[in-house]
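Student: Structure file data-v6.txt, compact mmCIF, C-alpha atoms and all ligand atoms, is pasted below:
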# COMPACT_ATOMS: atom_id res chain seq x y z
CA MET Z 3 5.84 42.72 -42.02
CA PRO Z 4 8.26 42.59 -39.04
CA GLU Z 5 9.79 39.20 -38.46
CA ILE Z 6 8.30 37.26 -35.52
CA VAL Z 7 10.71 36.59 -32.70
CA TYR Z 8 9.39 33.74 -30.59
CA ASP Z 9 10.01 33.78 -26.84
CA LEU Z 10 10.57 30.04 -27.04
CA ALA Z 11 11.08 27.53 -29.84
CA ILE Z 12 10.58 23.85 -29.00
CA VAL Z 13 12.05 21.30 -31.39
CA GLY Z 14 10.39 17.88 -31.12
CA ALA Z 15 6.62 17.52 -30.77
CA GLY Z 16 6.17 14.28 -28.84
CA VAL Z 17 4.41 14.41 -25.49
CA MET Z 18 7.41 16.14 -23.87
CA GLY Z 19 7.50 18.96 -26.42
CA LEU Z 20 3.73 19.43 -26.33
CA PHE Z 21 3.60 19.63 -22.52
CA THR Z 22 6.55 22.05 -22.56
CA ALA Z 23 4.59 24.25 -24.96
CA LEU Z 24 1.50 24.05 -22.76
CA PHE Z 25 3.31 25.17 -19.61
CA ALA Z 26 5.32 27.79 -21.49
CA SER Z 27 2.13 29.22 -23.01
CA ARG Z 28 0.94 30.09 -19.50
CA ARG Z 29 3.92 32.41 -19.10
CA SER Z 30 4.63 33.60 -22.57
CA ALA Z 31 2.68 34.60 -25.64
CA ARG Z 32 4.93 33.58 -28.52
CA ILE Z 33 5.72 29.89 -28.59
CA LEU Z 34 6.77 27.83 -31.61
CA VAL Z 35 6.86 24.04 -31.90
CA VAL Z 36 8.74 22.46 -34.84
CA ASP Z 37 8.94 18.78 -35.80
CA PRO Z 38 10.04 16.99 -38.98
CA TRP Z 39 7.15 14.49 -38.67
CA ARG Z 40 3.43 15.09 -38.38
CA ILE Z 41 2.14 15.17 -34.80
CA GLY Z 42 0.81 11.72 -33.95
CA ASP Z 43 3.29 9.95 -36.25
CA ARG Z 44 3.57 6.38 -34.99
CA ARG Z 45 7.37 6.55 -35.25
CA ALA Z 46 7.31 8.87 -32.22
CA ALA Z 47 7.05 7.03 -28.88
CA SER Z 48 4.25 9.25 -27.59
CA PHE Z 49 1.29 8.26 -29.72
CA SER Z 50 0.32 4.76 -28.68
CA LEU Z 51 -2.99 3.67 -27.12
CA THR Z 52 -1.97 3.12 -23.50
CA ARG Z 53 0.93 3.96 -21.22
CA SER Z 54 1.29 2.84 -17.61
CA ILE Z 55 1.37 5.41 -14.83
CA ARG Z 56 2.86 4.08 -11.62
CA ASN Z 57 5.01 5.13 -8.67
CA ASP Z 58 6.60 1.79 -7.87
CA TYR Z 59 10.23 2.56 -8.72
CA LEU Z 60 13.11 1.11 -6.72
CA ASP Z 61 14.73 4.54 -6.70
CA PRO Z 62 12.80 6.87 -4.37
CA LEU Z 63 13.67 9.92 -6.52
CA TYR Z 64 11.77 8.48 -9.49
CA ALA Z 65 8.92 7.30 -7.24
CA ARG Z 66 8.52 10.82 -5.83
CA LEU Z 67 8.69 12.45 -9.27
CA ALA Z 68 6.12 10.00 -10.64
CA TYR Z 69 3.76 10.89 -7.81
CA GLU Z 70 4.29 14.63 -8.45
CA ALA Z 71 3.57 14.05 -12.14
CA ARG Z 72 0.38 12.18 -11.26
CA LYS Z 73 -0.97 15.30 -9.51
CA LEU Z 74 -0.33 17.28 -12.70
CA TRP Z 75 -2.11 14.59 -14.77
CA LEU Z 76 -5.15 14.91 -12.50
CA GLU Z 77 -5.15 18.69 -13.00
CA PHE Z 78 -4.79 18.25 -16.74
CA GLN Z 79 -7.58 15.67 -16.82
CA ALA Z 80 -9.89 18.22 -15.20
CA GLU Z 81 -9.38 20.34 -18.36
CA SER Z 82 -10.11 17.45 -20.74
CA SER Z 83 -13.59 16.65 -22.05
CA GLU Z 84 -12.80 12.92 -21.86
CA PRO Z 85 -11.22 11.23 -18.82
CA PHE Z 86 -7.99 9.43 -19.69
CA LEU Z 87 -6.49 8.35 -16.35
CA ILE Z 88 -7.60 4.80 -15.57
CA GLU Z 89 -7.06 4.38 -11.85
CA CYS Z 90 -6.90 0.61 -11.63
CA GLY Z 91 -3.65 0.42 -9.62
CA CYS Z 92 -0.47 -1.39 -10.58
CA LEU Z 93 0.08 -4.90 -9.21
CA ASN Z 94 3.57 -6.38 -8.95
CA ILE Z 95 3.53 -10.14 -8.59
CA ALA Z 96 6.03 -12.93 -7.95
CA ARG Z 97 5.98 -16.73 -7.79
CA ALA Z 98 8.42 -18.75 -5.70
CA SER Z 99 8.70 -21.40 -8.44
CA VAL Z 100 10.02 -18.67 -10.78
CA THR Z 101 11.92 -16.33 -8.43
CA PRO Z 102 12.52 -18.32 -5.22
CA ASP Z 103 13.76 -15.37 -3.12
CA LEU Z 104 10.41 -13.59 -2.83
CA SER Z 105 11.76 -11.00 -0.38
CA GLY Z 106 14.29 -9.86 -2.99
CA THR Z 107 11.76 -9.46 -5.82
CA TYR Z 108 10.87 -6.20 -7.51
CA ALA Z 109 7.36 -6.52 -6.01
CA GLU Z 110 8.67 -6.65 -2.47
CA GLN Z 111 11.45 -4.07 -2.89
CA SER Z 112 9.29 -1.47 -4.61
CA TYR Z 113 6.59 -2.05 -2.00
CA ARG Z 114 9.08 -1.07 0.71
CA VAL Z 115 10.03 2.08 -1.19
CA LEU Z 116 6.38 3.10 -1.52
CA GLN Z 117 5.79 2.43 2.16
CA ASP Z 118 8.79 4.56 3.12
CA LEU Z 119 7.33 7.37 1.03
CA ALA Z 120 3.92 6.87 2.68
CA LEU Z 121 2.26 6.18 -0.68
CA ARG Z 122 -0.84 3.96 -0.73
CA THR Z 123 -0.17 0.22 -1.08
CA SER Z 124 -1.82 -3.15 -0.45
CA ALA Z 125 -0.07 -6.48 0.10
CA PHE Z 126 -1.49 -9.91 -0.78
CA ASP Z 127 -0.32 -13.41 -0.04
CA ARG Z 128 -1.34 -16.28 -2.33
CA SER Z 129 -4.83 -16.69 -0.91
CA GLY Z 130 -5.43 -12.93 -0.63
CA LEU Z 131 -4.34 -12.51 -4.24
CA ARG Z 132 -6.62 -15.35 -5.35
CA ALA Z 133 -9.55 -13.65 -3.61
CA ARG Z 134 -8.90 -10.13 -4.92
CA PHE Z 135 -7.30 -10.77 -8.33
CA PRO Z 136 -8.16 -14.37 -9.33
CA GLN Z 137 -6.63 -13.79 -12.80
CA PHE Z 138 -3.16 -14.41 -11.29
CA ASP Z 139 -1.45 -17.57 -10.15
CA ALA Z 140 1.29 -16.10 -7.94
CA ASP Z 141 2.55 -16.23 -4.35
CA ILE Z 142 2.70 -12.52 -3.61
CA GLY Z 143 1.06 -9.40 -4.98
CA ARG Z 144 1.95 -5.82 -4.06
CA LEU Z 145 -0.43 -3.13 -5.27
CA ASP Z 146 0.64 0.45 -5.96
CA VAL Z 147 -2.83 1.88 -5.37
CA GLU Z 148 -2.56 5.36 -6.93
CA ALA Z 149 -1.47 3.99 -10.29
CA GLY Z 150 -2.98 2.59 -13.47
CA CYS Z 151 -2.78 3.51 -17.12
CA LEU Z 152 -3.25 6.51 -19.37
CA TYR Z 153 -5.43 6.30 -22.47
CA VAL Z 154 -3.34 8.33 -24.89
CA PRO Z 155 -5.61 9.57 -27.76
CA PRO Z 156 -7.64 12.04 -25.65
CA ILE Z 157 -4.42 13.30 -24.06
CA THR Z 158 -2.96 14.21 -27.46
CA ALA Z 159 -6.28 15.72 -28.54
CA THR Z 160 -6.57 17.84 -25.37
CA LEU Z 161 -2.97 19.02 -25.65
CA LEU Z 162 -3.48 20.11 -29.26
CA ALA Z 163 -6.77 21.85 -28.45
CA ARG Z 164 -5.19 23.72 -25.53
CA LEU Z 165 -2.19 24.76 -27.64
CA LYS Z 166 -4.50 26.02 -30.35
CA THR Z 167 -6.46 28.11 -27.84
CA ALA Z 168 -3.17 29.48 -26.50
CA ARG Z 169 -2.17 30.37 -30.10
CA VAL Z 170 1.00 28.30 -29.98
CA SER Z 171 2.43 28.01 -33.52
CA ILE Z 172 2.95 24.40 -34.54
CA GLU Z 173 5.01 23.67 -37.63
CA ASP Z 174 5.03 19.91 -38.00
CA GLY Z 175 6.35 18.23 -41.11
CA THR Z 176 9.19 20.80 -40.98
CA ARG Z 177 12.79 19.68 -40.89
CA VAL Z 178 15.36 21.64 -38.89
CA GLU Z 179 18.58 22.09 -40.91
CA ARG Z 180 20.77 24.17 -38.63
CA ILE Z 181 20.62 26.18 -35.39
CA HIS Z 182 22.92 29.12 -34.68
CA ARG Z 183 23.02 32.53 -33.04
CA ARG Z 184 22.74 35.91 -34.72
CA GLY Z 185 22.50 39.26 -32.96
CA GLY Z 186 21.71 37.64 -29.62
CA ARG Z 187 18.86 35.56 -31.06
CA ILE Z 188 18.62 31.84 -31.80
CA VAL Z 189 18.15 31.22 -35.51
CA ILE Z 190 16.45 27.98 -36.48
CA GLU Z 191 16.95 27.27 -40.14
CA THR Z 192 14.18 25.02 -41.34
CA ALA Z 193 13.37 23.56 -44.75
CA VAL Z 194 10.81 26.39 -45.17
CA GLY Z 195 12.84 29.31 -43.88
CA GLU Z 196 14.36 30.86 -40.77
CA ARG Z 197 12.61 31.09 -37.41
CA LEU Z 198 13.93 33.37 -34.66
CA ALA Z 199 13.65 32.72 -30.95
CA GLU Z 200 15.01 34.00 -27.65
CA ARG Z 201 15.16 30.52 -26.10
CA LEU Z 202 15.28 26.93 -27.29
CA VAL Z 203 14.06 23.59 -25.93
CA ILE Z 204 15.03 20.30 -27.56
CA THR Z 205 12.68 17.37 -26.97
CA ALA Z 206 13.61 15.29 -29.99
CA GLY Z 207 13.69 11.84 -28.37
CA LEU Z 208 16.06 9.52 -30.20
CA GLY Z 209 16.73 12.31 -32.73
CA SER Z 210 18.36 14.50 -30.06
CA ASN Z 211 21.98 13.77 -30.97
CA GLU Z 212 21.32 14.44 -34.65
CA LEU Z 213 19.81 17.77 -33.68
CA LEU Z 214 22.60 18.69 -31.23
CA ALA Z 215 25.06 18.12 -34.09
CA ARG Z 216 23.19 20.77 -36.10
CA ILE Z 217 23.73 23.46 -33.44
CA ASP Z 218 26.76 25.62 -34.27
CA GLY Z 219 29.41 25.37 -31.56
CA CYS Z 220 27.64 22.58 -29.64
CA ALA Z 221 29.98 19.73 -28.77
CA LEU Z 222 27.51 17.76 -26.67
CA GLN Z 223 26.62 14.24 -27.75
CA LEU Z 224 24.59 12.07 -25.39
CA PRO Z 225 25.17 8.38 -24.58
CA VAL Z 226 21.64 7.43 -25.62
CA ARG Z 227 20.80 4.26 -27.52
CA PRO Z 228 17.60 2.68 -28.78
CA ASP Z 229 16.27 -0.56 -27.33
CA ARG Z 230 12.99 -2.37 -27.91
CA PRO Z 231 10.70 -4.66 -25.98
CA SER Z 232 11.33 -8.24 -27.18
CA GLU Z 233 7.59 -8.89 -27.47
CA SER Z 234 4.37 -6.92 -27.12
CA LYS Z 235 1.07 -8.79 -27.61
CA TYR Z 236 -2.64 -8.30 -27.17
CA PHE Z 237 -4.43 -11.25 -25.60
CA ILE Z 238 -8.05 -11.06 -26.76
CA PRO Z 239 -10.19 -13.08 -24.36
CA PRO Z 240 -13.37 -14.82 -25.57
CA PRO Z 241 -16.41 -12.50 -25.16
CA ASN Z 242 -17.83 -14.44 -22.19
CA LYS Z 243 -14.60 -13.87 -20.19
CA ARG Z 244 -13.97 -10.26 -21.17
CA ASP Z 245 -15.30 -8.69 -17.98
CA GLN Z 246 -12.50 -10.38 -15.99
CA PHE Z 247 -9.93 -8.25 -17.82
CA THR Z 248 -11.36 -4.73 -17.68
CA PRO Z 249 -9.80 -2.13 -15.32
CA ASP Z 250 -12.55 -2.48 -12.68
CA ARG Z 251 -11.33 -6.08 -12.14
CA LEU Z 252 -7.78 -6.18 -13.54
CA PRO Z 253 -5.04 -3.66 -12.63
CA VAL Z 254 -1.94 -2.82 -14.63
CA PHE Z 255 0.40 -5.67 -13.70
CA ALA Z 256 4.08 -6.47 -13.77
CA TYR Z 257 6.58 -9.18 -12.95
CA LEU Z 258 9.64 -7.06 -13.60
CA ASP Z 259 12.17 -9.59 -12.29
CA VAL Z 260 11.37 -11.54 -15.44
CA GLY Z 261 10.68 -8.53 -17.70
CA ILE Z 262 6.86 -8.75 -17.90
CA TYR Z 263 4.35 -5.90 -17.75
CA GLY Z 264 0.69 -5.71 -18.79
CA HIS Z 265 -2.34 -3.47 -19.18
CA PRO Z 266 -6.02 -4.36 -18.76
CA MET Z 267 -8.35 -4.37 -21.75
CA LEU Z 268 -10.16 -1.09 -22.41
CA VAL Z 269 -13.33 -2.25 -24.13
CA GLY Z 270 -13.95 -0.37 -27.36
CA LYS Z 271 -10.49 1.23 -27.11
CA THR Z 272 -7.90 -1.54 -27.04
CA PRO Z 273 -8.32 -5.02 -28.55
CA GLY Z 274 -7.34 -6.99 -25.47
CA VAL Z 275 -5.01 -7.37 -22.49
CA LYS Z 276 -1.61 -5.95 -23.48
CA ILE Z 277 1.41 -7.93 -22.28
CA GLY Z 278 5.00 -6.96 -23.02
CA TYR Z 279 8.28 -8.70 -22.38
CA TYR Z 280 11.31 -6.50 -21.81
CA ASN Z 281 14.18 -6.23 -19.37
CA PRO Z 282 14.72 -2.67 -18.19
CA PRO Z 283 18.41 -2.00 -17.60
CA ASP Z 284 17.81 -0.79 -14.04
CA VAL Z 285 16.37 -4.16 -12.98
CA ARG Z 286 18.61 -7.12 -12.36
CA ARG Z 287 17.08 -9.88 -14.47
CA GLN Z 288 17.23 -13.49 -13.45
CA THR Z 289 17.34 -16.49 -15.74
CA THR Z 290 14.02 -18.18 -15.05
CA SER Z 291 11.36 -20.37 -16.61
CA ILE Z 292 9.69 -17.21 -17.97
CA ALA Z 293 11.37 -16.04 -21.17
CA SER Z 294 8.40 -14.91 -23.25
CA VAL Z 295 4.94 -13.45 -22.93
CA GLN Z 296 3.46 -16.89 -23.59
CA SER Z 297 5.47 -18.59 -20.81
CA PHE Z 298 4.31 -15.85 -18.40
CA VAL Z 299 0.69 -16.50 -19.33
CA SER Z 300 0.96 -20.25 -18.90
CA GLN Z 301 2.61 -19.92 -15.47
CA CYS Z 302 1.08 -16.78 -13.96
CA MET Z 303 -2.14 -15.99 -15.90
CA PRO Z 304 -3.42 -19.35 -17.17
CA VAL Z 305 -6.90 -17.85 -17.36
CA LEU Z 306 -5.72 -16.20 -20.60
CA ALA Z 307 -4.67 -19.51 -22.18
CA ASP Z 308 -7.66 -19.55 -24.55
CA ALA Z 309 -7.23 -15.92 -25.66
CA GLN Z 310 -6.48 -15.01 -29.27
CA VAL Z 311 -2.99 -13.45 -29.50
CA VAL Z 312 -2.03 -10.60 -31.86
CA ASP Z 313 0.97 -8.28 -32.06
CA VAL Z 314 0.70 -4.75 -30.67
CA GLU Z 315 1.29 -2.36 -33.57
CA GLY Z 316 1.91 1.39 -33.90
CA ALA Z 317 3.95 3.38 -31.39
CA ASP Z 318 4.63 0.24 -29.41
CA GLN Z 319 6.98 -0.78 -32.22
CA CYS Z 320 9.07 2.29 -31.26
CA SER Z 321 12.27 2.14 -29.30
CA TYR Z 322 13.07 3.24 -25.79
CA ASP Z 323 15.79 5.89 -25.40
CA LEU Z 324 18.20 4.28 -22.97
CA VAL Z 325 20.93 6.30 -21.25
CA ALA Z 326 24.35 4.92 -20.32
CA ASP Z 327 23.93 5.79 -16.63
CA ASP Z 328 20.19 4.97 -16.52
CA ASN Z 329 19.13 8.49 -15.60
CA PHE Z 330 16.99 11.04 -17.41
CA ILE Z 331 18.71 13.90 -19.26
CA LEU Z 332 17.13 17.23 -18.37
CA GLY Z 333 18.77 20.63 -18.13
CA GLN Z 334 20.75 23.38 -19.85
CA ILE Z 335 22.75 22.39 -22.92
CA PRO Z 336 26.40 23.04 -21.99
CA GLY Z 337 27.97 25.71 -24.19
CA VAL Z 338 24.66 26.81 -25.78
CA PRO Z 339 23.24 29.74 -23.81
CA GLY Z 340 19.44 29.86 -23.66
CA ALA Z 341 19.03 26.24 -24.74
CA VAL Z 342 17.63 23.37 -22.72
CA ILE Z 343 17.19 19.67 -23.49
CA GLY Z 344 14.99 16.83 -22.21
CA THR Z 345 15.51 13.28 -23.42
CA GLY Z 346 16.63 9.80 -22.35
CA TRP Z 347 13.41 8.70 -20.67
CA ARG Z 348 14.45 5.06 -20.78
CA GLY Z 349 11.11 3.66 -21.88
CA THR Z 350 9.37 5.04 -18.84
CA GLY Z 351 8.89 8.71 -19.63
CA TYR Z 352 5.24 9.17 -20.57
CA LYS Z 353 3.94 9.17 -17.00
CA PHE Z 354 6.37 12.00 -16.13
CA ALA Z 355 5.43 14.15 -19.13
CA PRO Z 356 3.55 17.02 -17.44
CA MET Z 357 6.24 17.30 -14.78
CA ILE Z 358 8.96 17.31 -17.44
CA GLY Z 359 7.09 19.84 -19.59
CA ARG Z 360 6.68 22.14 -16.60
CA THR Z 361 10.36 21.77 -15.68
CA LEU Z 362 11.60 22.43 -19.22
CA SER Z 363 9.46 25.55 -19.48
CA GLU Z 364 10.75 26.75 -16.11
CA LEU Z 365 14.36 26.13 -17.15
CA ALA Z 366 13.92 27.82 -20.51
CA LEU Z 367 11.91 30.86 -19.48
CA GLY Z 368 13.73 31.58 -16.25
CA GLY Z 369 12.91 30.51 -12.75
CA SER Z 370 13.95 27.63 -10.57
CA PRO Z 371 12.42 24.27 -11.38
CA ARG Z 372 10.18 23.01 -8.59
CA ALA Z 373 11.29 19.40 -9.09
CA ASP Z 374 14.70 18.15 -7.93
CA ILE Z 375 16.46 17.47 -11.24
CA SER Z 376 20.10 17.92 -10.25
CA ARG Z 377 20.89 14.27 -11.05
CA PHE Z 378 19.69 14.71 -14.64
CA ASP Z 379 22.04 17.57 -15.64
CA PRO Z 380 23.44 17.02 -19.21
CA GLN Z 381 26.69 18.54 -17.95
CA ARG Z 382 27.56 15.08 -16.57
CA PHE Z 383 28.32 13.97 -20.13
CA VAL Z 384 30.80 16.75 -20.86
CA THR Z 385 34.27 15.30 -20.93
CA SER Z 386 36.88 17.46 -19.29
CA HIS Z 387 40.13 17.85 -21.18
CA ALA Z 388 41.85 19.53 -18.25
CA GLY Z 389 44.97 17.94 -16.78
C1 LIG Z 401 7.12 0.46 -26.63
C2 LIG Z 401 7.13 1.56 -25.60
C3 LIG Z 401 6.35 1.41 -24.45
C4 LIG Z 401 6.37 2.42 -23.49
N1 LIG Z 401 5.58 2.28 -22.37
C5 LIG Z 401 5.55 3.26 -21.45
C6 LIG Z 401 4.69 3.17 -20.32
O1 LIG Z 401 3.93 2.20 -20.17
N2 LIG Z 401 4.70 4.19 -19.42
C7 LIG Z 401 5.51 5.27 -19.57
O2 LIG Z 401 5.48 6.15 -18.70
N3 LIG Z 401 6.33 5.41 -20.62
C8 LIG Z 401 6.36 4.43 -21.57
N4 LIG Z 401 7.15 4.55 -22.67
C9 LIG Z 401 8.02 5.74 -22.81
C10 LIG Z 401 7.30 6.92 -23.38
O3 LIG Z 401 6.42 6.57 -24.43
C11 LIG Z 401 8.37 7.89 -23.88
O4 LIG Z 401 9.31 8.13 -22.84
C12 LIG Z 401 7.81 9.24 -24.31
O5 LIG Z 401 6.73 9.08 -25.20
C13 LIG Z 401 8.92 10.06 -24.97
O6 LIG Z 401 8.39 11.25 -25.44
P1 LIG Z 401 9.29 12.25 -26.29
O7 LIG Z 401 8.42 13.42 -26.57
O8 LIG Z 401 10.59 12.45 -25.62
O9 LIG Z 401 9.67 11.43 -27.61
P2 LIG Z 401 8.87 11.12 -28.96
O10 LIG Z 401 7.42 10.88 -28.71
O11 LIG Z 401 9.62 10.04 -29.65
O12 LIG Z 401 8.97 12.47 -29.76
C14 LIG Z 401 10.18 12.95 -30.27
C15 LIG Z 401 9.87 13.89 -31.39
O13 LIG Z 401 11.11 14.46 -31.83
C16 LIG Z 401 11.09 14.52 -33.23
N5 LIG Z 401 12.46 14.47 -33.78
C17 LIG Z 401 13.22 13.39 -33.94
N6 LIG Z 401 14.38 13.74 -34.53
C18 LIG Z 401 14.35 15.06 -34.72
C19 LIG Z 401 15.26 16.00 -35.28
N7 LIG Z 401 16.46 15.65 -35.74
N8 LIG Z 401 14.87 17.28 -35.33
C20 LIG Z 401 13.70 17.65 -34.85
N9 LIG Z 401 12.80 16.81 -34.29
C21 LIG Z 401 13.11 15.53 -34.24
C22 LIG Z 401 10.29 13.32 -33.69
O14 LIG Z 401 9.74 13.60 -34.96
C23 LIG Z 401 9.24 13.19 -32.59
O15 LIG Z 401 8.05 13.81 -32.93
C24 LIG Z 401 7.16 3.56 -23.66
C25 LIG Z 401 7.93 3.72 -24.83
C26 LIG Z 401 7.91 2.74 -25.79
C27 LIG Z 401 8.75 2.91 -27.02
As structure tokens, how would this structure be written, given the file I've shared?
Ligand SMILES: Cc1cc2nc3c(=O)[nH]c(=O)nc-3n(C[C@H](O)[C@H](O)[C@H](O)COP(=O)(O)OP(=O)(O)OC[C@H]3O[C@@H](n4cnc5c(N)ncnc54)[C@H](O)[C@@H]3O)c2cc1C

Tutor:
Amino acid sequence: MPEIVYDLAIVGAGVMGLFTALFASRRSARILVVDPWRIGDRRAASFSLTRSIRNDYLDPLYARLAYEARKLWLEFQAESSEPFLIECGCLNIARASVTPDLSGTYAEQSYRVLQDLALRTSAFDRSGLRARFPQFDADIGRLDVEAGCLYVPPITATLLARLKTARVSIEDGTRVERIHRRGGRIVIETAVGERLAERLVITAGLGSNELLARIDGCALQLPVRPDRPSESKYFIPPPNKRDQFTPDRLPVFAYLDVGIYGHPMLVGKTPGVKIGYYNPPDVRRQTTSIASVQSFVSQCMPVLADAQVVDVEGADQCSYDLVADDNFILGQIPGVPGAVIGTGWRGTGYKFAPMIGRTLSELALGGSPRADISRFDPQRFVTSHAG
């Protein structure tokens, strides 16, 4: 039997690899996805229960890309038998007793960015917030309206069903030993034999550097490091209070100046209100009276004081892939013709996944990416030895 030569091999089957395969399968018939773990493995960042989807970045480039990605999510949802996009908005709050300069808070700054981009927002003062979202005890609230959260299991299921229909070959549980070129083709040596491809995409998350080191002649190593949220808890409200915490009443919420973010309870799907405590590197954190999930609840959401508290397990125990310059890594791999990489999503990548998958497939299969990704070029990490 003649050996199969794939048009594209994708190494790494998290949400980025799977979306790359989906977009590539619209242009090309022979696509291979390889991953050392089984798809859905909780060690991969992509297989949790919920992920926030919001546009409220301080950097307008990320805000615009998030909004572009949201359009692709809506298109993808139309192909899914189960809706997964929970459009409850994302509320950024602040309290003067915690962060006295309210005009300098993340809530206020991101609100201005969204307004400049003409994205839908609402602003609340203390009494307006009390009336609309009585769960919060805060002085300001700024709502990113076209935001919310993604319920992940049906997304993974729909992706896998679509890839199966498109006859994409998925070899999970298959370790990649070495990648090199032979006769103009890319040879992927796996634990179960060689696979040949014309083009290569690497979406291996925190395993990207290990994989780059297995490519013959590739000198690229990326300044990516793991980092984890300090705490991630479910607050399970008593049954008689539950309806105050479902997405029709409670949005995704954040107080990013103090490292807090939260998701509403999805009854029958998640055990309670998820609240995490983490300080993203792109946000200047202040030393305040909030230094834990519990101190946030007692000061800003006292209505949850009687909730039962349990740890969030599974993919939320995974690490973020932080990048030294706080920007995504997306583009051609320097010195490896026909190979493209996407990684370094800095704990915020899931919401961008369809846009990233589309871009990686465009880069790999030829054609100009529709999104502006010039800032993300891996070339920026190539050290010049000249002069
Ligand atoms: C706790 C937490 C909370 C988050 N919350 C949000 C959120 O609310 N909103 C949001 O938008 N984003 C969020 N993110 C970020 C988001 O989940 C990730 O950016 C996204 O899932 C990354 O997808 P990925 O496909 O790049 O990586 P992964 O899902 O980690 O997949 C990488 C794949 O590569 C494979 N691999 C690893 N090493 C190798 C190797 N050497 N060779 C071959 N394959 C390899 C792995 O087996 C894995 O399957 C969060 C992340 C974490 C950890």

Student: Counting all atoms listed in the file, I want the residues whose atoms come within 12 Å of (8.0, -2.5, -1.4) in the file frame, returned as a CSV table (one decimal) with C-alpha atoms, in the frame of the given file.

Tutor:
chain,number,residue,atom,x,y,z
Z,57,ASN,CA,5.0,5.1,-8.7
Z,58,ASP,CA,6.6,1.8,-7.9
Z,59,TYR,CA,10.2,2.6,-8.7
Z,60,LEU,CA,13.1,1.1,-6.7
Z,61,ASP,CA,14.7,4.5,-6.7
Z,62,PRO,CA,12.8,6.9,-4.4
Z,65,ALA,CA,8.9,7.3,-7.2
Z,93,LEU,CA,0.1,-4.9,-9.2
Z,94,ASN,CA,3.6,-6.4,-9.0
Z,95,ILE,CA,3.5,-10.1,-8.6
Z,104,LEU,CA,10.4,-13.6,-2.8
Z,105,SER,CA,11.8,-11.0,-0.4
Z,106,GLY,CA,14.3,-9.9,-3.0
Z,107,THR,CA,11.8,-9.5,-5.8
Z,108,TYR,CA,10.9,-6.2,-7.5
Z,109,ALA,CA,7.4,-6.5,-6.0
Z,110,GLU,CA,8.7,-6.6,-2.5
Z,111,GLN,CA,11.4,-4.1,-2.9
Z,112,SER,CA,9.3,-1.5,-4.6
Z,113,TYR,CA,6.6,-2.0,-2.0
Z,114,ARG,CA,9.1,-1.1,0.7
Z,115,VAL,CA,10.0,2.1,-1.2
Z,116,LEU,CA,6.4,3.1,-1.5
Z,117,GLN,CA,5.8,2.4,2.2
Z,118,ASP,CA,8.8,4.6,3.1
Z,119,LEU,CA,7.3,7.4,1.0
Z,120,ALA,CA,3.9,6.9,2.7
Z,121,LEU,CA,2.3,6.2,-0.7
Z,122,ARG,CA,-0.8,4.0,-0.7
Z,123,THR,CA,-0.2,0.2,-1.1
Z,124,SER,CA,-1.8,-3.2,-0.4
Z,125,ALA,CA,-0.1,-6.5,0.1
Z,142,ILE,CA,2.7,-12.5,-3.6
Z,143,GLY,CA,1.1,-9.4,-5.0
Z,144,ARG,CA,2.0,-5.8,-4.1
Z,145,LEU,CA,-0.4,-3.1,-5.3
Z,146,ASP,CA,0.6,0.4,-6.0

Student: Counting only C-alpha atoms and all ligand atoms, which residue out of Z:Ile190, Z:Leu202, Z:Val17, Z:Ala326 sits closest to ligand LIG 401 (chain Z)?

Tutor: Z:Val17

Student: As a count of residues only, please: every protein or nucleic acid residue near ligand LIG 401 (chain Z) (cut-off 7 Å, counting only C-alpha atoms and all ligand atoms).

Tutor: 49

Student: Residues at most 6 Å from Val342 of chain Z, counting only C-alpha atoms, excluding those fewer than 5 positions away in the same chain, as a PyMOL selection string?

Tutor: chain Z and resi 203+333-335

Student: Counting only C-alpha atoms, note down every residue that has an atom within 10 Å of the point (-2.6, 23.7, -25.5) (file coordinates), as a list in words.

Tutor: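 Protein, DNA and RNA residues close to (-2.6, 23.7, -25.5): Leu20, Phe21, Thr22, Ala23, Leu24, Phe25, Ala26, Ser27, Arg28, Thr158, Ala159, Thr160, Leu161, Leu162, Ala163, Arg164, Leu165, Lys166, Thr167, Ala168, Arg169 and Val170 of chain Z.
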
Student: Name the closest residue to Gly264 of chain Z among the candidates Z:Val7, Z:Val295, Z:Ala221, Z:Val147; distances are taken between atoms, counting only C-alpha atoms.

Tutor: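 Residue with the minimum atom-to-atom distance to Gly264 of chain Z: Z:Val295.
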
Student: Between atom CA of Val189 of chain Z and atom CA of Arg216 of chain Z, what is the spacing in Å?

Tutor: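 That distance, rounded to one decimal, is 11.6 Å.
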
Student: If I take atom CA of Glu5 of chain Z and atom CA of Leu367 of chain Z, how far is one from the other in Å, to one decimal?

Tutor: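 Result for atom CA of Glu5 of chain Z versus atom CA of Leu367 of chain Z: 20.8 Å, one decimal.
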
Student: Using all atoms listed in the file, find each residue of segment 151-249 of chain Z with at least one atom at most 9 Å away from an atom of segment 253-259 of chain Z; report its shortest atom-to-atom pair and that distance in Å (one decimal), sort the rows by chain and rising residue number, and return the result as a tab-separated table.

Tutor:
residue	atom	partner	partner_atom	distance
Z:Cys151	CA	Z:Val254	CA	6.9
Z:Phe247	CA	Z:Pro253	CA	8.5
Z:Thr248	CA	Z:Pro253	CA	8.2
Z:Pro249	CA	Z:Pro253	CA	5.7

Student: Under the rule that only C-alpha atoms are counted, which of Z:Leu214, Z:Leu332, Z:Val226, Z:Val305 is the nearest residue to Lys243 of chain Z?

Tutor: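 With only C-alpha atoms as the atom set, the closest residue is Z:Val305.
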
Student: With distances taken over all atoms listed in the file, which residue among Z:Ala355, Z:Pro371, Z:Glu364, Z:Asp174 lies nearest Trp75 of chain Z?

Tutor: Z:Ala355
